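S.K.: Pasting a structure here, questions to come.
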Amino acid sequence: MTEFKKISMEDRELLKGYLLNDNNLSCEFSFGNNILWNPEDRLEYQIVEDVLLYRMIFEEEIVYCTPDFKGKVFQIIHFVEEDAADIGKKYMISCLNEKMMGELKEAFPNRYVFSMNRNQSDYIYLVDNLAELKGKTYHKKKNHVNKFKKNYEFSYEEIGKENLEECREMKNLWMSKKEVMNESLQVETKAIDMALDHYKEFGFIGGLIRVDGCVKAFTMGEQLSSDTFVTHFEKAMDDMDGLYAIINQQFAQNALQGKYQYVNREDDMGLEGLRQAKLSYYPEVIYDKYVARLLETA
């Protein structure tokens, strides 16, 4: 049996061909996410029957996932069961969208039990809505943007090699003002540093807001499918009202509009404030993801 391989930056070109998939818009299936949010270096991959299969081995079980069964659900599940048996652990299949869950149910009726964690559901928006903020729905957001434009002389810039370090300096200042440096923030700051270190290699697209000559907000992400972009990071200083609104709107208008129809702004991690902020932009889709476990082990 072919060995799984630890994922690394060198795998980008190979994996992007499998990850740019119109059949699964989960943020987990973007190369940047795979590298940046892999702090314990657990993520491995293998190409099985021309299907990209990810694996993470934990103490209790093995987690497998794929962006698309490509009509080969029987072959992939057979492979997964043999691999899990060889390791001697129970397994689960994660990041299933509704289509893939249906395929699994049809292929293996009454074999799996499925669950969904709302905290991990992605928020997918129409780019035009975020860029234009039209109508009564976005009246409050439009007011925030207009107020910022009235109160501050600002400029929008594309992120490139000439301003990457300024983004890092802003991130460091943003982090220094946090009263509590918890594990989540520590992981996030390392992920942002890696994104900035390898910005060109990732193929990221990003934008920033400059006020009085200083970077005050920035955002970045990458292509997820033929018509969808995924935003990995959005950071803004907390002492300027409307900064998050303006970086969101300006990035959608300058970097995404006309190129993508949708933008996936990832999940809310179960944080109530973040959930309300994401809902306030009225997502086109709340993209649920499902987990499958064998009925007898669930």
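Residue numbering restarts at 1 for every chain of the structure tokens, chains are lettered A, B, ... in their displayed order, and ligands are numbered from 1 as they appear.
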Quick one: contact table of segment 74-136 of chain A to segment 273-280 of chain A, 12 Å max, nearest atom pair and distance in Å to one decimal per residue, counting only C-alpha atoms, chain and number order, as CSV?

M.R.:
residue,atom,partner,partner_atom,distance
A:Arg118,CA,A:Arg275,CA,10.5
A:Asn119,CA,A:Arg275,CA,8.8
A:Gln120,CA,A:Arg275,CA,10.9
A:Ser121,CA,A:Arg275,CA,10.4
A:Asp122,CA,A:Lys278,CA,9.8
A:Tyr123,CA,A:Lys278,CA,7.1
A:Ile124,CA,A:Lys278,CA,9.6
A:Tyr125,CA,A:Lys278,CA,9.7
A:Leu130,CA,A:Ser280,CA,11.1
A:Leu133,CA,A:Ser280,CA,11.7

S.K.: Just write the chosen residues, all heavy atoms, as a compact mmCIF listing (two decimals), in the first residue's frame.

M.R.:
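The resulting file, again05.txt, is shown below:
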# COMPACT_ATOMS: atom_id res chain seq x y z
N ARG A 118 -22.52 23.08 13.91
CA ARG A 118 -22.82 24.41 13.36
C ARG A 118 -21.64 25.36 13.49
O ARG A 118 -21.46 26.27 12.65
CB ARG A 118 -24.06 24.97 14.06
CG ARG A 118 -24.41 26.41 13.69
CD ARG A 118 -24.80 26.57 12.23
NE ARG A 118 -25.20 27.94 11.96
CZ ARG A 118 -24.35 28.95 11.74
NH1 ARG A 118 -23.05 28.73 11.75
NH2 ARG A 118 -24.81 30.18 11.50
N ASN A 119 -20.81 25.17 14.50
CA ASN A 119 -19.66 26.05 14.70
C ASN A 119 -18.65 25.97 13.56
O ASN A 119 -17.81 26.86 13.40
CB ASN A 119 -18.94 25.71 16.01
CG ASN A 119 -19.81 25.92 17.22
OD1 ASN A 119 -20.82 26.63 17.17
ND2 ASN A 119 -19.43 25.30 18.33
N GLN A 120 -18.73 24.89 12.78
CA GLN A 120 -17.78 24.70 11.69
C GLN A 120 -18.38 24.99 10.31
O GLN A 120 -17.72 24.77 9.29
CB GLN A 120 -17.24 23.26 11.73
CG GLN A 120 -16.47 22.95 13.00
CD GLN A 120 -16.11 21.49 13.16
OE1 GLN A 120 -16.51 20.65 12.35
NE2 GLN A 120 -15.38 21.17 14.20
N SER A 121 -19.60 25.49 10.28
CA SER A 121 -20.24 25.83 9.01
C SER A 121 -19.62 27.10 8.44
O SER A 121 -19.40 28.08 9.16
CB SER A 121 -21.74 26.04 9.20
OG SER A 121 -22.35 24.85 9.68
N ASP A 122 -19.36 27.10 7.13
CA ASP A 122 -18.77 28.25 6.46
C ASP A 122 -19.84 29.24 6.04
O ASP A 122 -20.99 28.87 5.75
CB ASP A 122 -18.00 27.81 5.21
CG ASP A 122 -16.74 27.01 5.54
OD1 ASP A 122 -16.34 27.00 6.72
OD2 ASP A 122 -16.17 26.41 4.62
N TYR A 123 -19.44 30.51 5.95
CA TYR A 123 -20.32 31.58 5.50
C TYR A 123 -19.89 31.98 4.09
O TYR A 123 -18.76 32.44 3.89
CB TYR A 123 -20.23 32.79 6.43
CG TYR A 123 -20.77 32.53 7.82
CD1 TYR A 123 -20.02 31.82 8.77
CD2 TYR A 123 -22.02 33.00 8.20
CE1 TYR A 123 -20.52 31.58 10.04
CE2 TYR A 123 -22.53 32.78 9.47
CZ TYR A 123 -21.76 32.06 10.39
OH TYR A 123 -22.25 31.82 11.65
N ILE A 124 -20.79 31.81 3.14
CA ILE A 124 -20.49 32.12 1.74
C ILE A 124 -21.38 33.26 1.27
O ILE A 124 -22.62 33.20 1.42
CB ILE A 124 -20.66 30.87 0.85
CG1 ILE A 124 -19.69 29.77 1.30
CG2 ILE A 124 -20.44 31.23 -0.61
CD1 ILE A 124 -19.81 28.48 0.52
N TYR A 125 -20.76 34.30 0.71
CA TYR A 125 -21.46 35.53 0.34
C TYR A 125 -21.34 35.80 -1.16
O TYR A 125 -20.37 35.37 -1.80
CB TYR A 125 -20.85 36.73 1.08
CG TYR A 125 -20.82 36.59 2.57
CD1 TYR A 125 -19.77 35.91 3.20
CD2 TYR A 125 -21.81 37.14 3.38
CE1 TYR A 125 -19.72 35.76 4.58
CE2 TYR A 125 -21.76 37.02 4.76
CZ TYR A 125 -20.72 36.32 5.36
OH TYR A 125 -20.68 36.18 6.72
N LEU A 130 -21.16 42.29 -1.02
CA LEU A 130 -20.15 42.85 -0.13
C LEU A 130 -19.49 44.08 -0.73
O LEU A 130 -19.08 45.00 0.00
CB LEU A 130 -19.07 41.81 0.19
CG LEU A 130 -19.53 40.52 0.89
CD1 LEU A 130 -18.33 39.70 1.33
CD2 LEU A 130 -20.43 40.81 2.08
N LEU A 133 -22.95 46.84 -1.21
CA LEU A 133 -23.75 47.13 -0.02
C LEU A 133 -25.05 47.86 -0.38
O LEU A 133 -25.41 48.87 0.23
CB LEU A 133 -22.94 47.94 1.00
CG LEU A 133 -21.64 47.29 1.50
CD1 LEU A 133 -20.87 48.25 2.40
CD2 LEU A 133 -21.92 45.99 2.23

S.K.: Please provide as a ChimeraX atom specification all residues within 12 Å of segment 137-147 of chain A, with the sequence filter that same-chain residues fewer than 3 positions apart are discarded (counting only C-alpha atoms).

M.R.: /A:128-134,150-154,240-250,277,279-283

S.K.: From the set A:Phe74, A:Phe79, A:Phe29, A:Trp37, which residue has the shortest atom-to-atom contact distance to Lys105 of chain A, counting only C-alpha atoms?

M.R.: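 Result for the nearest residue to Lys105 of chain A: A:Phe74.
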
S.K.: Would you write out, as a Markdown table, a table of all residues in segment 25-92 of chain A that have an atom no more than 9 Å from an atom of segment 213-223 of chain A, listing for each the closest atom pair and the distance in Å to one decimal, considering only C-alpha atoms and ordering rows by chain and rising residue number?

M.R.:
| residue | atom | partner | partner_atom | distance |
| --- | --- | --- | --- | --- |
| A:Ser30 | CA | A:Glu222 | CA | 7.7 |
| A:Phe31 | CA | A:Glu222 | CA | 8.6 |
| A:Gly32 | CA | A:Glu222 | CA | 7.5 |

S.K.: I'd like the contact shell of Val63 of chain A - 10 Å cut-off, only C-alpha atoms, skipping same-chain residues fewer than 6 positions apart - returned as a count of residues only.

M.R.: 16

S.K.: Any chance you could list, as number ranges by chain, the residues in segment 92-220 of chain A that come up strand (DSSP E or B) when DSSP is run on the backbone?

M.R.: A: 92-96, 112-116, 122-126, 154-158, 205-211, 214-220

S.K.: Could you check the closest approach to Ser26 of chain A for each of A:Asn38, A:Gln257, A:Ser184, A:Thr228 and tell me which residue wins, using only C-alpha atoms?

M.R.: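 Among the listed residues, A:Thr228 lies closest to Ser26 of chain A.
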
S.K.: Kindly give the distance, in Å, that separates atom CA of Phe69 of chain A and atom CA of Met100 of chain A, rounded to a single decimal.

M.R.: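 Between atom CA of Phe69 of chain A and atom CA of Met100 of chain A the gap is 7.3 Å.
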
S.K.: Would you mind telling me which residue in A:Val73, A:Val180, A:Val211, A:Leu173 lies nearest to Glu49 of chain A when using only C-alpha atoms?

M.R.: A:Val73

S.K.: Using atom CA of Asn33 of chain A and atom CA of Glu59 of chain A as the two end points, give the distance in Å to one decimal.

M.R.: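 A separation of 22.7 Å between them.
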
S.K.: With only C-alpha atoms as the atoms that count, which of A:Glu40, A:Cys27, A:Lys89, A:Leu20 lies nearest to Ile7 of chain A?

M.R.: A:Glu40

S.K.: Taking into account only C-alpha atoms, which residue in the set A:Arg210, A:Lys200, A:Lys190, A:Lys72 is nearest to Ala236 of chain A?

M.R.: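 Ranked by minimum distance to Ala236 of chain A, first place goes to A:Arg210.
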
S.K.: Which of these, A:Lys259, A:Pro67, A:Asp267, A:His78, has the shortest distance to Thr231 of chain A once you count only C-alpha atoms?

M.R.: A:Asp267

S.K.: If you run DSSP on the backbone, which residues of segment 108-213 of chain A are helix (DSSP H, G or I), as a PyMOL selection string?

M.R.: chain A and resi 118-120+127-132+136-151+164-176+183-197+199-202

S.K.: Any chance you can output those residues with C-alpha atoms as a PDB file, in the first residue's frame?

M.R.:
ATOM      1  CA  ARG A 118     -22.821  24.407  13.356  1.00  0.00           C
ATOM      2  CA  ASN A 119     -19.657  26.053  14.703  1.00  0.00           C
ATOM      3  CA  GLN A 120     -17.778  24.696  11.690  1.00  0.00           C
ATOM      4  CA  VAL A 127     -19.156  39.236  -3.879  1.00  0.00           C
ATOM      5  CA  ASP A 128     -21.392  41.911  -5.416  1.00  0.00           C
ATOM      6  CA  ASN A 129     -23.312  42.254  -2.138  1.00  0.00           C
ATOM      7  CA  LEU A 130     -20.146  42.854  -0.128  1.00  0.00           C
ATOM      8  CA  ALA A 131     -18.701  45.222  -2.711  1.00  0.00           C
ATOM      9  CA  GLU A 132     -21.788  47.361  -3.305  1.00  0.00           C
ATOM     10  CA  LYS A 136     -32.113  48.260   2.905  1.00  0.00           C
ATOM     11  CA  THR A 137     -30.418  44.990   3.842  1.00  0.00           C
ATOM     12  CA  TYR A 138     -27.007  46.644   3.880  1.00  0.00           C
ATOM     13  CA  HIS A 139     -28.087  50.119   4.958  1.00  0.00           C
ATOM     14  CA  LYS A 140     -26.216  49.978   8.294  1.00  0.00           C
ATOM     15  CA  LYS A 141     -23.074  48.560   6.678  1.00  0.00           C
ATOM     16  CA  LYS A 142     -23.153  51.267   4.030  1.00  0.00           C
ATOM     17  CA  ASN A 143     -23.433  53.892   6.759  1.00  0.00           C
ATOM     18  CA  HIS A 144     -20.353  52.478   8.516  1.00  0.00           C
ATOM     19  CA  VAL A 145     -18.380  52.645   5.269  1.00  0.00           C
ATOM     20  CA  ASN A 146     -19.550  56.174   4.462  1.00  0.00           C
ATOM     21  CA  LYS A 147     -18.774  57.353   7.991  1.00  0.00           C
ATOM     22  CA  PHE A 148     -15.251  55.959   7.723  1.00  0.00           C
ATOM     23  CA  LYS A 149     -14.742  57.664   4.360  1.00  0.00           C
ATOM     24  CA  LYS A 150     -15.940  60.944   5.863  1.00  0.00           C
ATOM     25  CA  ASN A 151     -13.759  60.741   8.974  1.00  0.00           C
ATOM     26  CA  LEU A 164       4.230  42.736   3.373  1.00  0.00           C
ATOM     27  CA  GLU A 165       6.388  43.743   6.321  1.00  0.00           C
ATOM     28  CA  GLU A 166       4.087  46.652   7.110  1.00  0.00           C
ATOM     29  CA  CYS A 167       1.248  44.146   7.402  1.00  0.00           C
ATOM     30  CA  ARG A 168       3.360  42.115   9.825  1.00  0.00           C
ATOM     31  CA  GLU A 169       4.100  45.230  11.895  1.00  0.00           C
ATOM     32  CA  MET A 170       0.385  46.023  12.039  1.00  0.00           C
ATOM     33  CA  LYS A 171      -0.377  42.447  13.064  1.00  0.00           C
ATOM     34  CA  ASN A 172       2.226  42.635  15.836  1.00  0.00           C
ATOM     35  CA  LEU A 173       0.749  45.902  17.105  1.00  0.00           C
ATOM     36  CA  TRP A 174      -2.759  44.410  16.956  1.00  0.00           C
ATOM     37  CA  MET A 175      -1.593  41.394  18.962  1.00  0.00           C
ATOM     38  CA  SER A 176       0.216  43.556  21.535  1.00  0.00           C
ATOM     39  CA  GLU A 183      -3.544  29.472  22.610  1.00  0.00           C
ATOM     40  CA  SER A 184      -5.889  30.319  19.761  1.00  0.00           C
ATOM     41  CA  LEU A 185      -4.292  33.741  19.260  1.00  0.00           C
ATOM     42  CA  GLN A 186      -0.813  32.239  19.426  1.00  0.00           C
ATOM     43  CA  VAL A 187      -1.692  29.730  16.706  1.00  0.00           C
ATOM     44  CA  GLU A 188      -3.264  32.479  14.622  1.00  0.00           C
ATOM     45  CA  THR A 189      -0.289  34.826  14.817  1.00  0.00           C
ATOM     46  CA  LYS A 190       2.038  32.022  13.727  1.00  0.00           C
ATOM     47  CA  ALA A 191      -0.284  31.255  10.819  1.00  0.00           C
ATOM     48  CA  ILE A 192      -0.311  34.903   9.732  1.00  0.00           C
ATOM     49  CA  ASP A 193       3.488  35.065   9.942  1.00  0.00           C
ATOM     50  CA  MET A 194       3.764  31.972   7.753  1.00  0.00           C
ATOM     51  CA  ALA A 195       1.278  33.450   5.278  1.00  0.00           C
ATOM     52  CA  LEU A 196       3.365  36.614   5.037  1.00  0.00           C
ATOM     53  CA  ASP A 197       6.637  34.678   4.819  1.00  0.00           C
ATOM     54  CA  TYR A 199       2.816  34.993   0.416  1.00  0.00           C
ATOM     55  CA  LYS A 200       4.035  34.627  -3.181  1.00  0.00           C
ATOM     56  CA  GLU A 201       4.509  30.848  -2.944  1.00  0.00           C
ATOM     57  CA  PHE A 202       0.937  30.422  -1.676  1.00  0.00           C
TER      58      PHE A 202
END

S.K.: Report, in Å with one decimal, the straight-line distance from atom CA of Glu61 of chain A to atom CA of Phe114 of chain A.

M.R.: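 Interatomic distance here is 16.1 Å.
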